[in-house]
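Novice: Input structure: coords.cif, which contains mmCIF, C-alpha atoms.
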```cif
data_model
loop_
_atom_site.label_atom_id
_atom_site.label_comp_id
_atom_site.auth_asym_id
_atom_site.auth_seq_id
_atom_site.Cartn_x
_atom_site.Cartn_y
_atom_site.Cartn_z
CA HIS A 120 84.74 3.31 15.90
CA ASN A 121 81.04 3.54 16.74
CA LYS A 122 80.02 3.75 13.04
CA GLU A 123 78.79 7.32 13.45
CA PRO A 124 79.78 9.56 10.50
CA TRP A 125 83.13 11.24 10.96
CA PHE A 126 82.01 14.36 9.08
CA ASP A 127 78.87 16.42 9.35
CA LYS A 128 76.75 17.48 6.37
CA ASP A 129 79.05 20.46 5.77
CA GLY A 130 82.14 18.25 5.46
CA LYS A 131 83.56 19.25 8.85
CA LEU A 132 84.77 17.13 11.78
CA CYS A 133 83.15 19.60 14.16
CA LYS A 134 80.99 22.68 13.88
CA GLU A 135 83.91 25.05 14.44
CA GLY A 136 86.25 23.07 12.21
CA VAL A 137 87.44 23.66 8.68
CA LEU A 138 86.10 22.04 5.53
CA CYS A 139 87.82 18.69 5.06
CA ILE A 140 85.92 16.99 2.22
CA TYR A 141 86.23 18.13 -1.39
CA PRO A 142 85.00 16.84 -4.76
CA SER A 143 88.53 15.66 -5.50
CA LYS A 144 92.14 16.30 -4.58
CA SER A 145 92.50 18.66 -7.54
CA MET A 146 89.08 20.35 -7.51
CA ARG A 147 87.95 21.89 -4.24
CA ASP A 148 85.01 24.05 -5.30
CA TRP A 149 81.67 22.61 -4.23
CA GLU A 150 79.73 25.27 -6.13
CA LYS A 151 81.32 24.20 -9.41
CA PHE A 152 80.89 20.53 -8.50
CA ALA A 153 77.15 21.29 -8.35
CA TRP A 154 77.05 22.30 -12.02
CA LYS A 155 74.47 20.30 -13.92
CA LYS A 156 73.64 19.69 -17.53
CA GLY A 157 72.10 22.79 -19.05
CA ASP A 158 73.80 25.36 -16.81
CA VAL A 159 75.08 28.41 -18.69
CA LEU A 160 78.71 29.26 -17.91
CA ALA A 161 80.91 32.27 -18.54
CA GLY A 162 84.63 32.20 -19.31
CA ALA A 163 87.35 34.69 -20.07
CA PHE A 164 87.13 37.29 -22.86
CA GLY A 165 83.34 37.08 -23.17
CA ALA A 166 83.21 33.34 -23.79
CA SER A 167 80.03 31.41 -22.98
CA CYS A 168 78.92 27.79 -23.09
CA ILE A 169 76.43 25.30 -21.71
CA PHE A 170 77.68 22.65 -19.30
CA ASP A 171 77.16 19.11 -20.61
CA LYS A 172 79.10 16.65 -18.40
CA TRP A 173 82.34 16.09 -16.53
CA ALA A 174 85.25 15.11 -18.78
CA ASN A 175 87.37 13.34 -16.13
CA ASP A 176 87.11 11.65 -12.74
CA ASP A 177 88.66 14.45 -10.68
CA TYR A 178 86.18 17.08 -11.94
CA THR A 179 88.86 19.43 -13.26
CA ARG A 180 87.62 19.38 -16.87
CA PHE A 181 84.18 19.39 -18.41
CA ASP A 182 82.53 19.01 -21.81
CA ALA A 183 80.43 21.88 -23.11
CA LYS A 184 78.06 22.67 -25.95
CA PHE A 185 77.17 25.82 -27.88
CA VAL A 186 80.50 27.46 -27.12
CA THR A 187 81.04 31.04 -28.19
CA PRO A 188 83.36 31.90 -29.81
CA LYS A 189 83.03 28.60 -31.68
CA SER A 190 86.78 28.19 -32.23
CA ARG A 191 87.52 27.60 -28.53
CA GLY A 192 86.87 23.85 -28.53
CA THR A 193 84.39 21.92 -26.38
CA THR A 194 86.40 20.67 -23.37
CA PHE A 195 87.63 23.12 -20.74
CA GLU A 196 89.37 23.54 -17.40
CA VAL A 197 86.90 24.14 -14.57
CA GLU A 198 89.00 26.89 -13.01
CA ASP A 199 88.51 29.12 -16.06
CA TRP A 200 84.71 29.19 -15.86
CA CYS A 201 81.90 30.25 -13.56
CA LYS A 202 78.14 29.80 -13.58
CA ILE A 203 75.95 32.62 -14.90
CA THR A 204 73.07 33.39 -12.53
CA ASN A 205 71.61 36.48 -14.22
CA GLU A 206 68.33 35.25 -15.72
CA ALA A 207 68.22 37.96 -18.39
CA CYS A 208 71.70 37.03 -19.62
CA ILE A 209 70.77 33.35 -19.69
CA ARG A 210 67.60 34.00 -21.69
CA GLN A 211 69.47 36.17 -24.20
CA TYR A 212 72.22 33.56 -24.64
CA ILE A 213 69.69 30.78 -25.23
CA ARG A 214 67.73 33.02 -27.60
CA ASP A 215 70.90 33.65 -29.61
CA ILE A 216 71.56 29.90 -29.80
CA GLU A 217 68.04 29.23 -31.04
CA GLU A 218 68.22 31.97 -33.67
CA ASP A 219 71.61 30.73 -34.92
CA ASN A 220 70.43 27.13 -35.11
CA GLY A 221 66.89 27.70 -36.32
CA GLY A 222 65.06 25.77 -33.62
CA LYS A 223 64.20 25.38 -29.95
CA LEU A 224 66.94 24.40 -27.49
CA ASN A 225 65.99 21.48 -25.25
CA LEU A 226 67.92 22.12 -22.03
CA THR A 227 67.45 18.51 -20.92
CA THR A 228 69.04 16.92 -23.99
CA LEU A 229 70.96 20.01 -25.22
CA GLU A 230 69.62 19.27 -28.68
CA ILE A 231 68.05 21.74 -31.09
CA GLU A 232 64.49 20.74 -31.89
CA ASN A 233 63.85 21.90 -35.43
CA ASN A 234 60.10 22.06 -35.29
CA GLN A 235 59.12 23.99 -38.38
CA PRO A 236 56.24 26.28 -37.43
CA GLU A 237 53.01 25.89 -39.33
CA PHE A 238 52.27 28.81 -41.61
CA LYS A 239 49.12 29.51 -43.58
CA ASP A 240 47.85 31.63 -46.43
CA GLY A 241 48.59 35.30 -45.75
CA ASP A 242 51.23 34.81 -43.05
CA ILE A 243 54.27 37.07 -43.33
CA VAL A 244 57.52 35.19 -42.75
CA CYS A 245 61.29 35.34 -42.81
CA ILE A 246 63.17 32.71 -44.83
CA SER A 247 66.81 32.22 -43.88
CA GLY A 248 69.61 29.90 -44.90
CA MET A 249 73.34 29.84 -45.46
CA GLY A 250 74.04 33.26 -46.97
CA TYR A 251 70.35 33.80 -47.69
CA LEU A 252 67.72 36.04 -46.10
CA ALA A 253 64.32 37.01 -47.48
CA CYS A 254 60.94 38.16 -46.24
CA GLY A 255 57.70 37.23 -47.90
CA ILE A 256 53.95 36.77 -47.76
CA VAL A 257 52.89 33.12 -47.85
CA LYS A 258 50.37 31.86 -50.36
CA SER A 259 50.87 28.16 -49.61
CA ILE A 260 53.48 25.81 -48.15
CA ASP A 261 54.09 22.17 -49.11
CA ASN A 262 56.33 20.65 -46.44
CA SER A 263 56.68 17.35 -48.30
CA SER A 264 58.20 18.98 -51.38
CA LYS A 265 59.70 21.91 -49.43
CA LYS A 266 57.95 24.35 -51.73
CA LEU A 267 56.67 27.77 -50.69
CA GLU A 268 54.41 29.81 -52.94
CA TYR A 269 54.29 33.50 -52.16
CA TYR A 270 52.37 36.63 -53.00
CA ALA A 271 55.51 38.73 -52.55
CA LEU A 272 59.12 38.02 -51.65
CA ASN A 273 61.85 40.55 -50.88
CA ASP A 274 65.38 39.13 -50.71
CA MET A 275 66.83 42.54 -49.77
CA SER A 276 67.88 43.19 -53.37
CA THR A 277 64.89 42.16 -55.51
CA LEU A 278 61.14 42.20 -54.96
CA LYS A 279 59.32 39.29 -56.60
CA THR A 280 55.61 38.56 -56.75
CA ASP A 281 53.44 35.49 -57.39
CA ASP A 282 56.17 32.88 -57.60
CA TRP A 283 57.63 30.08 -55.48
CA LEU A 284 60.89 28.96 -53.91
CA SER A 285 62.35 25.80 -52.42
CA PHE A 286 63.12 25.88 -48.70
CA GLU A 287 64.97 22.55 -48.72
CA ASP A 288 67.98 24.09 -46.99
CA LYS A 289 66.22 27.03 -45.38
CA HIS A 290 64.36 27.81 -42.18
CA ILE A 291 61.04 29.66 -42.09
CA GLN A 292 60.08 31.67 -39.04
CA PRO A 293 57.74 34.53 -38.10
CA ILE A 294 58.84 37.90 -39.38
CA THR A 295 60.13 40.60 -37.04
CA GLU A 296 58.59 44.06 -36.92
CA THR A 297 61.66 45.58 -38.57
CA GLN A 298 61.66 43.00 -41.36
CA GLN A 299 57.97 43.63 -42.02
CA ILE A 300 58.62 47.36 -42.32
CA ILE A 301 61.35 46.67 -44.89
CA LEU A 302 59.03 44.37 -46.87
CA PHE A 303 56.15 46.85 -46.91
CA GLU A 304 58.48 49.68 -47.90
CA ALA A 305 59.76 47.57 -50.80
CA LEU A 306 56.16 47.00 -51.89
CA ALA A 307 55.37 50.71 -51.61
CA LYS A 308 58.31 51.55 -53.87
CA GLU A 309 56.65 49.37 -56.50
CA ASN A 310 53.35 51.15 -55.83
CA LYS A 311 51.94 48.04 -54.14
CA ALA A 312 50.33 47.41 -50.76
CA TRP A 313 49.32 44.20 -48.99
CA ASN A 314 45.64 43.83 -48.08
CA ALA A 315 45.53 41.30 -45.24
CA GLU A 316 41.73 41.04 -45.35
CA THR A 317 41.43 40.09 -49.01
CA LYS A 318 44.90 38.49 -49.17
CA THR A 319 45.81 40.41 -52.28
CA LEU A 320 48.46 42.83 -53.44
CA GLU A 321 46.75 46.06 -54.38
CA ASP A 322 47.97 48.88 -56.56
CA LEU A 323 48.45 52.08 -54.64
CA PRO A 324 46.78 55.11 -56.21
CA LYS A 325 48.91 57.44 -58.24
CA LYS A 326 51.38 58.82 -55.80
CA CYS A 327 51.23 62.44 -54.75
CA GLU A 328 53.70 64.22 -52.53
CA PHE A 329 51.94 65.75 -49.54
CA LYS A 330 53.06 67.91 -46.64
CA PRO A 331 51.45 68.09 -43.20
CA PHE A 332 48.26 70.22 -43.24
CA ASP A 333 47.79 69.86 -47.02
CA LYS A 334 44.10 69.63 -47.93
CA VAL A 335 43.34 66.15 -49.27
CA LEU A 336 40.51 63.81 -50.19
CA VAL A 337 40.75 60.25 -48.85
CA ARG A 338 38.98 56.92 -49.05
CA ASN A 339 39.78 53.20 -48.90
CA THR A 340 37.93 51.66 -51.85
CA ASP A 341 36.59 52.80 -55.20
CA THR A 342 33.02 52.39 -53.91
CA GLU A 343 33.47 54.79 -50.98
CA GLU A 344 32.83 58.52 -51.11
CA TRP A 345 35.78 60.88 -51.02
CA PHE A 346 36.23 62.41 -47.55
CA PRO A 347 38.07 65.70 -46.84
CA GLY A 348 41.00 65.90 -44.46
CA PHE A 349 44.27 67.52 -43.51
CA PHE A 350 47.23 65.34 -44.45
CA GLU A 351 49.40 64.16 -41.54
CA LYS A 352 51.86 61.54 -42.84
CA PHE A 353 52.46 58.57 -45.13
CA ASP A 354 53.35 55.34 -43.30
CA SER A 355 54.22 52.45 -45.63
CA THR A 356 54.11 49.96 -42.75
CA TRP A 357 50.33 50.30 -42.58
CA ASN A 358 47.86 48.64 -44.93
CA ASN A 359 46.20 52.07 -45.07
CA PRO A 360 49.29 54.27 -45.39
CA TYR A 361 47.73 57.75 -45.77
CA HIS A 362 47.02 59.32 -42.38
CA ILE A 363 44.94 62.46 -41.80
CA MET A 364 44.66 64.74 -38.77
CA ASN A 365 40.90 65.26 -38.57
CA ARG A 366 39.76 61.81 -37.51
CA ARG A 367 36.18 60.75 -38.05
CA SER A 368 36.67 58.43 -35.06
CA MET A 369 39.52 57.20 -32.88
CA THR A 370 40.25 54.44 -35.39
CA ASP A 371 39.17 56.07 -38.65
CA PHE A 372 42.20 58.13 -39.67
CA ALA A 373 44.15 55.95 -42.11
CA PHE A 374 43.25 55.41 -45.75
CA LYS A 375 44.43 53.61 -48.87
CA GLN A 376 43.69 56.40 -51.35
CA CYS A 377 44.69 60.03 -51.01
CA ILE A 378 44.51 62.83 -53.61
CA PRO A 379 44.88 66.63 -53.53
CA TYR A 380 41.73 68.54 -52.61
CA GLU A 381 42.60 71.51 -54.78
CA GLY A 382 41.52 70.85 -58.32
CA ASN A 383 39.36 67.92 -57.21
CA GLU A 384 36.71 69.75 -55.19
CA HIS A 385 34.03 68.25 -57.43
CA LEU A 386 34.89 64.75 -56.17
CA LEU A 387 34.03 65.54 -52.52
CA GLY A 388 31.19 63.30 -51.36
CA THR A 389 31.17 61.28 -54.60
CA THR A 390 32.49 57.86 -55.54
CA ASP A 391 33.79 59.12 -58.87
CA GLU A 392 37.20 58.01 -60.12
CA TRP A 393 40.10 60.42 -59.82
CA LYS A 394 41.45 61.21 -63.27
CA GLY A 395 44.67 62.85 -62.07
#
```
Represent the structure of the file as C-alpha cells.
Specialist:
Amino acid sequence: HNKEPWFDKDGKLCKEGVLCIYPSKSMRDWEKFAWKKGDVLAGAFGASCIFDKWANDDYTRFDAKFVTPKSRGTTFEVEDWCKITNEACIRQYIRDIEEDNGGKLNLTTLEIENNQPEFKDGDIVCISGMGYLACGIVKSIDNSSKKLEYYALNDMSTLKTDDWLSFEDKHIQPITETQQIILFEALAKENKAWNAETKTLEDLPKKCEFKPFDKVLVRNTDTEEWFPGFFEKFDSTWNNPYHIMNRRSMTDFAFKQCIPYEGNEHLLGTTDEWKG
C-alpha cells in the first residue's frame, strides 16, 4: 500500500466507521488502559486501591497498593474496577492511608515517606503505635535515642507529669483539636492547667461551682487585682478557663482564677490572697 496509516487517531478505518483497535484482544476499554501509577480505583463492596502497574501483557490484570479491605490481595481483574474521579474522595482516601501508615504518601513511588515532624519545647502532640495512643506536652525530644520528655502525658487511662517515654516503635504527630480538649480536661480534673507562655503546668485555684450570672471575682495572676464579673461558663480547653459576661474588652473575658464575690467583697480591687 502507499504506507499511509490504515487507522486514524481514533482507531477507525474511516470517520464513520467503528472502533477497530483495542489495547488487547481480551481488554477493550481504552479508558482503563489509560490508568497510570497513582490513580485511585474503586471496586465492588466499597473496596479501594491505588493502581501500580499492569500484571500481564493483555492488560486484563493489574497490581495495586494500599488495598482496602486489606484481605483482598494485591492483584485484580480490570473488569472489576473503575477509576475514581471525585477529588474529595481521592483526598480522603489518601489521607486515610497516611494516617494509617504514619507518613506522607508519595504518589510517584507509592511509598510512605516517614518524615518525623520536628517538635519543640511546649508543642502538644499525639503519640501513636501498635495498640497505643497518648497525647502530651513536649519538654524535649531526642531523635537519636528516641526519647521524649514531657510536661504531661495522657494515655486515655492515666495522666502522668514530668517524665519521659521511648518512641522507638511509635509515631509522633500534631495533636487534633479533639485530642487537645481531652488532654486539657484530664489536666483540669487534676486541678492543673497548661500555661503556654511560661511553659509550665499551673495549679488551678480551689474549685468552686458556679452558675451563669453568679457574682464572681476574677484575675489571672496573684499580682493582679481582683475584678468583679458575672460568671458565664468554665471551659477547660482554654488556658484561662473561667469566662465572664461583662467583658472589659473584646478579648479580656477569660481568667485563670475565679472565686465567689459574696463573702469576699473585701478582696475587690486588691491583690490579696483568697483564703477560701
Novice: I'd like a table as CSV: residues in range 167-280 of chain A with an atom no more than 10 Å from range 295-314 of chain A, each row giving the shortest atom pair and its distance in Å to one decimal, all atoms listed in the file counted, sorted by chain and rising residue number.
Specialist:
```
residue,atom,partner,partner_atom,distance
A:Gly241,CA,A:Asn314,CA,9.3
A:Ile243,CA,A:Gln299,CA,7.6
A:Val244,CA,A:Thr295,CA,8.3
A:Cys245,CA,A:Gln298,CA,7.8
A:Ala253,CA,A:Gln298,CA,9.0
A:Cys254,CA,A:Leu302,CA,6.5
A:Gly255,CA,A:Leu302,CA,7.3
A:Ile256,CA,A:Trp313,CA,8.8
A:Tyr270,CA,A:Trp313,CA,9.1
A:Ala271,CA,A:Leu306,CA,8.3
A:Leu272,CA,A:Leu302,CA,7.9
A:Asn273,CA,A:Leu302,CA,6.2
A:Asp274,CA,A:Leu302,CA,9.1
A:Met275,CA,A:Ile301,CA,8.4
A:Ser276,CA,A:Ala305,CA,9.6
A:Thr277,CA,A:Ala305,CA,8.8
A:Leu278,CA,A:Ala305,CA,6.9
A:Lys279,CA,A:Leu306,CA,9.6
A:Thr280,CA,A:Leu306,CA,9.8
```
Novice: Within 9 Å of (85.5, 27.7, -13.6), all atoms listed in the file: residues as a PyMOL selection string?
Specialist: chain A and resi 151+160-162+179+195-202
Novice: Convert the current residue selection to file output with C-alpha atoms, as a short mmCIF file (atom, residue, chain, number, x, y, z; two decimals), in the coordinates of the input.
Specialist:
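Done, and the output landed in again16.cif:
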```cif
data_model
loop_
_atom_site.label_atom_id
_atom_site.label_comp_id
_atom_site.auth_asym_id
_atom_site.auth_seq_id
_atom_site.Cartn_x
_atom_site.Cartn_y
_atom_site.Cartn_z
CA LYS A 151 81.32 24.20 -9.41
CA LEU A 160 78.71 29.26 -17.91
CA ALA A 161 80.91 32.27 -18.54
CA GLY A 162 84.63 32.20 -19.31
CA THR A 179 88.86 19.43 -13.26
CA PHE A 195 87.63 23.12 -20.74
CA GLU A 196 89.37 23.54 -17.40
CA VAL A 197 86.90 24.14 -14.57
CA GLU A 198 89.00 26.89 -13.01
CA ASP A 199 88.51 29.12 -16.06
CA TRP A 200 84.71 29.19 -15.86
CA CYS A 201 81.90 30.25 -13.56
CA LYS A 202 78.14 29.80 -13.58
#
```
Novice: The PyMOL selection byres ((chain A and resi 167-176) around 9) - which residues does that actually catch in the file I just gave you? List them as a PyMOL selection string.
Specialist: chain A and resi 143+154-163+165-166+177-188+193-195+200+212+229
Novice: Could you tell me, as a list in words, exactly which residues end up selected when the PyMOL selection byres ((chain A and resi 365) around 9) is applied to this structure?
Specialist: Pro347, Gly348, Phe349, Phe350, Ile363, Met364, Arg366, Arg367, Ser368 and Phe372 of chain A
Novice: Interatomic distance between CA of Ile246 in chain A and CA of Asp282 in chain A?
Specialist: 14.6 Å
Novice: For each of A:Thr228, A:Asn220, A:Gln292, A:Thr342, take the minimum atom-to-atom distance to Val257 in chain A, counting all atoms listed in the file, then give the residue where this is smallest.
Specialist: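 Ranking A:Thr228, A:Asn220, A:Gln292, A:Thr342 by distance to Val257 in chain A, first place goes to A:Gln292.
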Novice: Just to confirm, what's the straight-line distance from CA of Leu267 in chain A to CA of Glu230 in chain A in Å (one decimal)?
Specialist: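 Atom-to-atom, CA of Leu267 in chain A to CA of Glu230 in chain A, that is 26.9 Å.
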Novice: Work out how far CA of Lys318 in chain A is from CA of Leu284 in chain A, in Å to one decimal.
Specialist: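 Spanning CA of Leu284 in chain A to CA of Lys318 in chain A is a straight-line distance of 19.2 Å.
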Novice: Could you tell me which residues the PyMOL selection byres ((chain A and resi 389) around 9) grabs in this file, written as a CSV table (one decimal) with C-alpha atoms, in the frame of the given file?
Specialist:
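As a result, out-v8.csv now contains:
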```csv
chain,number,residue,atom,x,y,z
A,343,GLU,CA,33.5,54.8,-51.0
A,344,GLU,CA,32.8,58.5,-51.1
A,345,TRP,CA,35.8,60.9,-51.0
A,346,PHE,CA,36.2,62.4,-47.6
A,385,HIS,CA,34.0,68.2,-57.4
A,386,LEU,CA,34.9,64.8,-56.2
A,387,LEU,CA,34.0,65.5,-52.5
A,388,GLY,CA,31.2,63.3,-51.4
A,390,THR,CA,32.5,57.9,-55.5
A,391,ASP,CA,33.8,59.1,-58.9
A,392,GLU,CA,37.2,58.0,-60.1
```
Novice: Pick the closest to Leu336 in chain A from A:Tyr251, A:Tyr269, A:Trp283, A:Phe374: which is it, counting only C-alpha atoms?
Specialist: A:Phe374
Novice: Find the spatial neighbours of Tyr380 in chain A, counting all atoms listed in the file, within a cut-off of 6 Å - ignore same-chain residues fewer than 4 positions away - and output them as a list in words.
Specialist: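 Residues near the query, excluding close chain neighbours: Lys334, Val335, Leu336 and Glu384 of chain A.
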Novice: For Arg214 in chain A, which residue out of A:Phe332, A:Ile231, A:Tyr361, A:Lys352 is the nearest one, using only C-alpha atoms?
Specialist: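 Of all the options, A:Ile231 lies closest to Arg214 in chain A.
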Novice: Any idea what's packed within 9 Å of range 259-264 of chain A, counting all atoms listed in the file, ignoring anything in its chain fewer than 3 positions away? Could you give it as number ranges by chain?
Specialist: A: 237-241, 267-269, 285-287
Novice: Counting all atoms listed in the file, which of A:Gly250, A:Leu323, A:Thr204, A:Asp148 gets nearest to Asp341 in chain A?
Specialist: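 Comparing A:Gly250, A:Leu323, A:Thr204, A:Asp148 against Asp341 in chain A, the winner is A:Leu323.
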